[in-house]
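One structure is given here, and the rest of the page talks about it.
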Amino acid sequence: MEIRTVGVLGAGQMGGGIAQVAATAGYEVVLADASLALAEKGKAKIAAILGKQVEKGKLAAEVVTALVGRIRPASGPAEFSDCDLVVEAATENVELKLKLFQACDEAMKPGAILASNTSSISLTKLAGQTKRPAEVIGMHFMNPPALMKLVEIVRAVQTSEETLATVRATAEKMGKTVTVSKDAPGFLVNRILVPMLVEACFTLQEGLGTPEDIDTGAKLGLNHPMGPLELADLIGLDTVLAIADVLHRDLGDSKYRAPTLLRNLVAAGWYGKKAGRGFYVYDDKGQRAGRAL
């Protein structure tokens, strides 16, 4: 199947990034959210990000104009009727994703592929709620999608070989390197990553070091580009907690349990960089301005 038009459900941090990547690859993009205003806001943010690249001389103005012109804001899944591939990028909440998957499934044409950017929720369960289980797949972009090179493809039990091949080719056209995971909690990347983030939070909770000490230790001692607490703030502490809870519940291993500190930060609304406060404090431009704890 040839992909010409890509729908993206969710115009936030991840959805907007996925829309930008798809438009950069030459696809027509339908960017939808809970309202047209939110979708338009997401498109405007993409234009602003790319505009800075023009100011720095890294992109030509006409290239950005054409790219942004390929993105059409939409008010919801009902506008995905002409899409060949839809990527759901909503909050990591299983009830919400099931509801949105059903709405997308109803709106999409026969044979179109329905993908989820979920980082932990079962694709087999999502596929089972649709009339197109063979065309359901996981397409997990890393954050931020425009910069990160990996797309983790997750194959549900029902996913067909044709769907897998089409989505792999689409991701590669977007300039991404592909890994393929079976459908299991956390898949490949988060199965490895989240225990490290959770353990870093435990070391902070237990007073073993400051946030800066923990992050510097990982960067200089392990040669990581970012420290685990910095990375958790970037991902979103609410997302980290949601994934940890899925791993703990579905695998039943205490090594995936979330510390009280992480739960308290999420309860306080301190979700990290997107909220302006997490393990660190961030200014209006998203730059780190100090320590929150």
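Residues in the structure tokens are numbered from 1 in each chain, the chains being A, B, ... in the order shown, and ligands are numbered from 1 in the order shown.
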What parts of segment 199-256 of chain A does DSSP call helix (DSSP H, G or I)? I'd like the answer as JSON, numbers by chain.
{"A": [199, 200, 201, 202, 203, 204, 205, 211, 212, 213, 214, 215, 216, 217, 218, 219, 220, 221, 228, 229, 230, 231, 232, 233, 234, 235, 237, 238, 239, 240, 241, 242, 243, 244, 245, 246, 247, 248, 249, 250, 251, 254, 255, 256]}
What's the 12 Å shell around Ala47 of chain A, counting only C-alpha atoms, without same-chain residues fewer than 6 positions away, as a PyMOL selection string?
chain A and resi 16-17+19-20+23+40-41+53-54+61+63-71
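Residue nearest Ser75 of chain A, chosen from A:Asp213, A:Glu152, A:Asp33, A:Glu230 and counting only C-alpha atoms: A:Asp33.
Between Arg168 of chain A and the residues A:Val151, A:Ile49, A:Val94, A:Leu222, the shortest atom-to-atom distance, using only C-alpha atoms, involves A:Val151.
Of the listed residues (A:Ile18, A:Val246, A:Leu98, A:Val198), A:Val198 comes nearest to Pro228 of chain A; the distances count only C-alpha atoms.
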Residue nearest Ala171 of chain A - candidates A:Pro185, A:Pro145, A:Gly209, A:Gly272, atoms counted: only C-alpha atoms
A:Pro145
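The gap separating atom CA of Pro211 of chain A from atom CA of Tyr280 of chain A is 8.1 Å, in Å to one decimal.
Counting from atom CA of Leu237 of chain A, the distance to atom CA of Arg277 of chain A is 10.0 Å.
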With DSSP run on the backbone, what are the strand (DSSP E or B) residues within segment 106-166 of chain A? I'd like them as a PyMOL selection string.
chain A and resi 113-116+136-141+150-155
Go ahead and dump the residues you just picked, N, CA and C atoms, as a PDB file, in the first residue's frame.
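part06.pdb written:
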ATOM      1  N   ILE A 113      -4.149   2.137   7.478  1.00  0.00           N
ATOM      2  CA  ILE A 113      -3.416   1.632   8.644  1.00  0.00           C
ATOM      3  C   ILE A 113      -3.606   2.564   9.830  1.00  0.00           C
ATOM      4  N   LEU A 114      -3.884   1.976  10.978  1.00  0.00           N
ATOM      5  CA  LEU A 114      -4.065   2.727  12.221  1.00  0.00           C
ATOM      6  C   LEU A 114      -2.922   2.372  13.173  1.00  0.00           C
ATOM      7  N   ALA A 115      -2.092   3.359  13.464  1.00  0.00           N
ATOM      8  CA  ALA A 115      -0.922   3.154  14.320  1.00  0.00           C
ATOM      9  C   ALA A 115      -1.074   3.944  15.608  1.00  0.00           C
ATOM     10  N   SER A 116      -0.351   3.512  16.636  1.00  0.00           N
ATOM     11  CA  SER A 116      -0.315   4.249  17.894  1.00  0.00           C
ATOM     12  C   SER A 116       1.121   4.566  18.253  1.00  0.00           C
ATOM     13  N   VAL A 136      -3.484  -2.673  12.296  1.00  0.00           N
ATOM     14  CA  VAL A 136      -3.107  -1.930  13.502  1.00  0.00           C
ATOM     15  C   VAL A 136      -1.669  -2.266  13.877  1.00  0.00           C
ATOM     16  N   ILE A 137      -0.906  -1.235  14.270  1.00  0.00           N
ATOM     17  CA  ILE A 137       0.511  -1.418  14.562  1.00  0.00           C
ATOM     18  C   ILE A 137       0.982  -0.309  15.491  1.00  0.00           C
ATOM     19  N   GLY A 138       2.078  -0.536  16.172  1.00  0.00           N
ATOM     20  CA  GLY A 138       2.702   0.501  16.978  1.00  0.00           C
ATOM     21  C   GLY A 138       3.770   1.218  16.179  1.00  0.00           C
ATOM     22  N   MET A 139       3.765   2.537  16.261  1.00  0.00           N
ATOM     23  CA  MET A 139       4.774   3.361  15.587  1.00  0.00           C
ATOM     24  C   MET A 139       5.277   4.355  16.624  1.00  0.00           C
ATOM     25  N   HIS A 140       6.228   3.901  17.434  1.00  0.00           N
ATOM     26  CA  HIS A 140       6.676   4.648  18.606  1.00  0.00           C
ATOM     27  C   HIS A 140       7.854   5.547  18.239  1.00  0.00           C
ATOM     28  N   PHE A 141       7.574   6.828  18.076  1.00  0.00           N
ATOM     29  CA  PHE A 141       8.610   7.824  17.831  1.00  0.00           C
ATOM     30  C   PHE A 141       9.256   8.206  19.157  1.00  0.00           C
ATOM     31  N   LEU A 150      15.241   7.204  15.851  1.00  0.00           N
ATOM     32  CA  LEU A 150      14.614   5.881  15.958  1.00  0.00           C
ATOM     33  C   LEU A 150      13.095   5.934  15.882  1.00  0.00           C
ATOM     34  N   VAL A 151      12.514   4.964  15.181  1.00  0.00           N
ATOM     35  CA  VAL A 151      11.095   4.632  15.320  1.00  0.00           C
ATOM     36  C   VAL A 151      11.016   3.158  15.697  1.00  0.00           C
ATOM     37  N   GLU A 152      10.408   2.893  16.839  1.00  0.00           N
ATOM     38  CA  GLU A 152      10.240   1.531  17.336  1.00  0.00           C
ATOM     39  C   GLU A 152       8.879   1.015  16.853  1.00  0.00           C
ATOM     40  N   ILE A 153       8.905   0.087  15.913  1.00  0.00           N
ATOM     41  CA  ILE A 153       7.673  -0.499  15.405  1.00  0.00           C
ATOM     42  C   ILE A 153       7.285  -1.672  16.300  1.00  0.00           C
ATOM     43  N   VAL A 154       6.026  -1.679  16.713  1.00  0.00           N
ATOM     44  CA  VAL A 154       5.542  -2.733  17.614  1.00  0.00           C
ATOM     45  C   VAL A 154       4.454  -3.510  16.895  1.00  0.00           C
ATOM     46  N   ARG A 155       4.663  -4.799  16.793  1.00  0.00           N
ATOM     47  CA  ARG A 155       3.739  -5.657  16.051  1.00  0.00           C
ATOM     48  C   ARG A 155       2.755  -6.332  16.996  1.00  0.00           C
TER      49      ARG A 155
END
A:Asp253, A:Glu79, A:Asp245, A:Asp233 ranked by distance to Val281 of chain A, top pick (using only C-alpha atoms)
A:Asp233
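Using only C-alpha atoms, the smallest distance between any of A:Thr260, A:Thr177, A:Ser122, A:Gln158 and Thr203 of chain A comes from A:Thr260.
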Ser120 of chain A environment, 10 Å, only C-alpha atoms, sequence neighbours closer than 3 positions dropped, as an MDAnalysis selection string
chainID A and resid 92:94 117 123 138 140 183:191 239 242:247
Counting only C-alpha atoms, what is within 7 Å of Val8 of chain A, bar same-chain residues fewer than 2 positions away, as a PDB file with C-alpha atoms, in the first residue's frame?
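Once everything was written out, this is out_35.pdb:
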ATOM      1  CA  VAL A   6      -0.841  10.789   7.087  1.00  0.00           C
ATOM      2  CA  GLY A  10      -2.885  14.825  19.034  1.00  0.00           C
ATOM      3  CA  GLY A  15       1.884  14.675  17.790  1.00  0.00           C
ATOM      4  CA  ALA A  19       3.309  15.836  11.937  1.00  0.00           C
ATOM      5  CA  VAL A  30      -4.046  15.991   8.683  1.00  0.00           C
ATOM      6  CA  LEU A  31      -3.266  17.164  12.231  1.00  0.00           C
ATOM      7  CA  ALA A  32      -6.249  16.695  14.552  1.00  0.00           C
ATOM      8  CA  VAL A  86      -3.171   7.538  11.018  1.00  0.00           C
ATOM      9  CA  VAL A  87      -0.829   7.819  14.012  1.00  0.00           C
ATOM     10  CA  GLU A  88      -2.556   8.290  17.375  1.00  0.00           C
ATOM     11  CA  ALA A  89      -0.386  10.360  19.739  1.00  0.00           C
TER      12      ALA A  89
END
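If you look at atom CA of Val21 of chain A and atom CA of Met1 of chain A, they are 19.9 Å away from each other.
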Contacts of Leu241 of chain A at 8 Å (only C-alpha atoms; same-chain gap of 6+ positions) as an NGL selection string
:A and (258 or 262-263 or 266)
What's around Val157 of chain A at 9 Å? Count only C-alpha atoms, leave out sequence neighbours fewer than 2 positions away in its own chain, and write the answer as a JSON list (two decimals) with all heavy atoms, in the first residue's frame.
[["chain", "number", "residue", "atom", "x", "y", "z"],
["A", 123, "LEU", "N", -0.65, -3.13, 21.96],
["A", 123, "LEU", "CA", -1.21, -2.93, 20.62],
["A", 123, "LEU", "C", -2.23, -4.01, 20.30],
["A", 123, "LEU", "O", -3.20, -3.77, 19.56],
["A", 123, "LEU", "CB", -0.09, -2.93, 19.58],
["A", 123, "LEU", "CG", 0.58, -1.59, 19.27],
["A", 123, "LEU", "CD1", -0.42, -0.56, 18.79],
["A", 123, "LEU", "CD2", 1.37, -1.05, 20.45],
["A", 124, "THR", "N", -2.03, -5.20, 20.83],
["A", 124, "THR", "CA", -2.99, -6.28, 20.61],
["A", 124, "THR", "C", -4.35, -5.92, 21.19],
["A", 124, "THR", "O", -5.39, -6.18, 20.58],
["A", 124, "THR", "CB", -2.46, -7.59, 21.24],
["A", 124, "THR", "OG1", -1.20, -7.92, 20.62],
["A", 124, "THR", "CG2", -3.43, -8.72, 21.07],
["A", 127, "ALA", "N", -5.83, -3.19, 18.95],
["A", 127, "ALA", "CA", -6.27, -3.77, 17.68],
["A", 127, "ALA", "C", -7.59, -4.50, 17.84],
["A", 127, "ALA", "O", -8.45, -4.48, 16.95],
["A", 127, "ALA", "CB", -5.21, -4.72, 17.13],
["A", 133, "PRO", "N", -8.06, -5.14, 12.65],
["A", 133, "PRO", "CA", -6.95, -5.57, 13.51],
["A", 133, "PRO", "C", -5.66, -5.86, 12.74],
["A", 133, "PRO", "O", -4.57, -5.63, 13.27],
["A", 133, "PRO", "CB", -7.48, -6.83, 14.20],
["A", 133, "PRO", "CG", -8.62, -7.28, 13.34],
["A", 133, "PRO", "CD", -9.23, -6.04, 12.79],
["A", 134, "ALA", "N", -5.77, -6.36, 11.51],
["A", 134, "ALA", "CA", -4.56, -6.66, 10.73],
["A", 134, "ALA", "C", -3.82, -5.40, 10.30],
["A", 134, "ALA", "O", -2.63, -5.45, 9.97],
["A", 134, "ALA", "CB", -4.92, -7.48, 9.49],
["A", 155, "ARG", "N", 4.66, -4.80, 16.79],
["A", 155, "ARG", "CA", 3.74, -5.66, 16.05],
["A", 155, "ARG", "C", 2.75, -6.33, 17.00],
["A", 155, "ARG", "O", 3.14, -7.11, 17.88],
["A", 155, "ARG", "CB", 4.54, -6.70, 15.28],
["A", 155, "ARG", "CG", 3.68, -7.54, 14.37],
["A", 155, "ARG", "CD", 4.51, -8.42, 13.47],
["A", 155, "ARG", "NE", 3.66, -9.12, 12.51],
["A", 155, "ARG", "CZ", 4.12, -9.91, 11.55],
["A", 155, "ARG", "NH1", 5.42, -10.08, 11.41],
["A", 155, "ARG", "NH2", 3.29, -10.50, 10.72],
["A", 159, "THR", "N", -1.25, -8.01, 13.63],
["A", 159, "THR", "CA", -0.66, -7.19, 12.56],
["A", 159, "THR", "C", -0.19, -8.05, 11.39],
["A", 159, "THR", "O", 0.54, -9.02, 11.57],
["A", 159, "THR", "CB", 0.54, -6.38, 13.10],
["A", 159, "THR", "OG1", 0.13, -5.59, 14.21],
["A", 159, "THR", "CG2", 1.10, -5.46, 12.02],
["A", 160, "SER", "N", -0.57, -7.64, 10.18],
["A", 160, "SER", "CA", -0.19, -8.40, 8.99],
["A", 160, "SER", "C", 1.22, -8.05, 8.52],
["A", 160, "SER", "O", 1.77, -7.00, 8.87],
["A", 160, "SER", "CB", -1.17, -8.11, 7.84],
["A", 160, "SER", "OG", -1.00, -6.78, 7.37],
["A", 182, "LYS", "N", 8.17, -7.20, 19.58],
["A", 182, "LYS", "CA", 6.92, -7.90, 19.85],
["A", 182, "LYS", "C", 6.09, -7.07, 20.82],
["A", 182, "LYS", "O", 6.61, -6.19, 21.51],
["A", 182, "LYS", "CB", 7.20, -9.29, 20.45],
["A", 182, "LYS", "CG", 7.89, -10.25, 19.49],
["A", 182, "LYS", "CD", 8.11, -11.60, 20.16],
["A", 182, "LYS", "CE", 8.78, -12.58, 19.21],
["A", 182, "LYS", "NZ", 9.01, -13.90, 19.86],
["A", 183, "ASP", "N", 4.81, -7.35, 20.88],
["A", 183, "ASP", "CA", 3.91, -6.62, 21.76],
["A", 183, "ASP", "C", 4.03, -7.15, 23.18],
["A", 183, "ASP", "O", 3.47, -8.19, 23.52],
["A", 183, "ASP", "CB", 2.47, -6.75, 21.25],
["A", 183, "ASP", "CG", 1.49, -5.89, 22.04],
["A", 183, "ASP", "OD1", 1.96, -4.92, 22.68],
["A", 183, "ASP", "OD2", 0.28, -6.18, 22.00]]
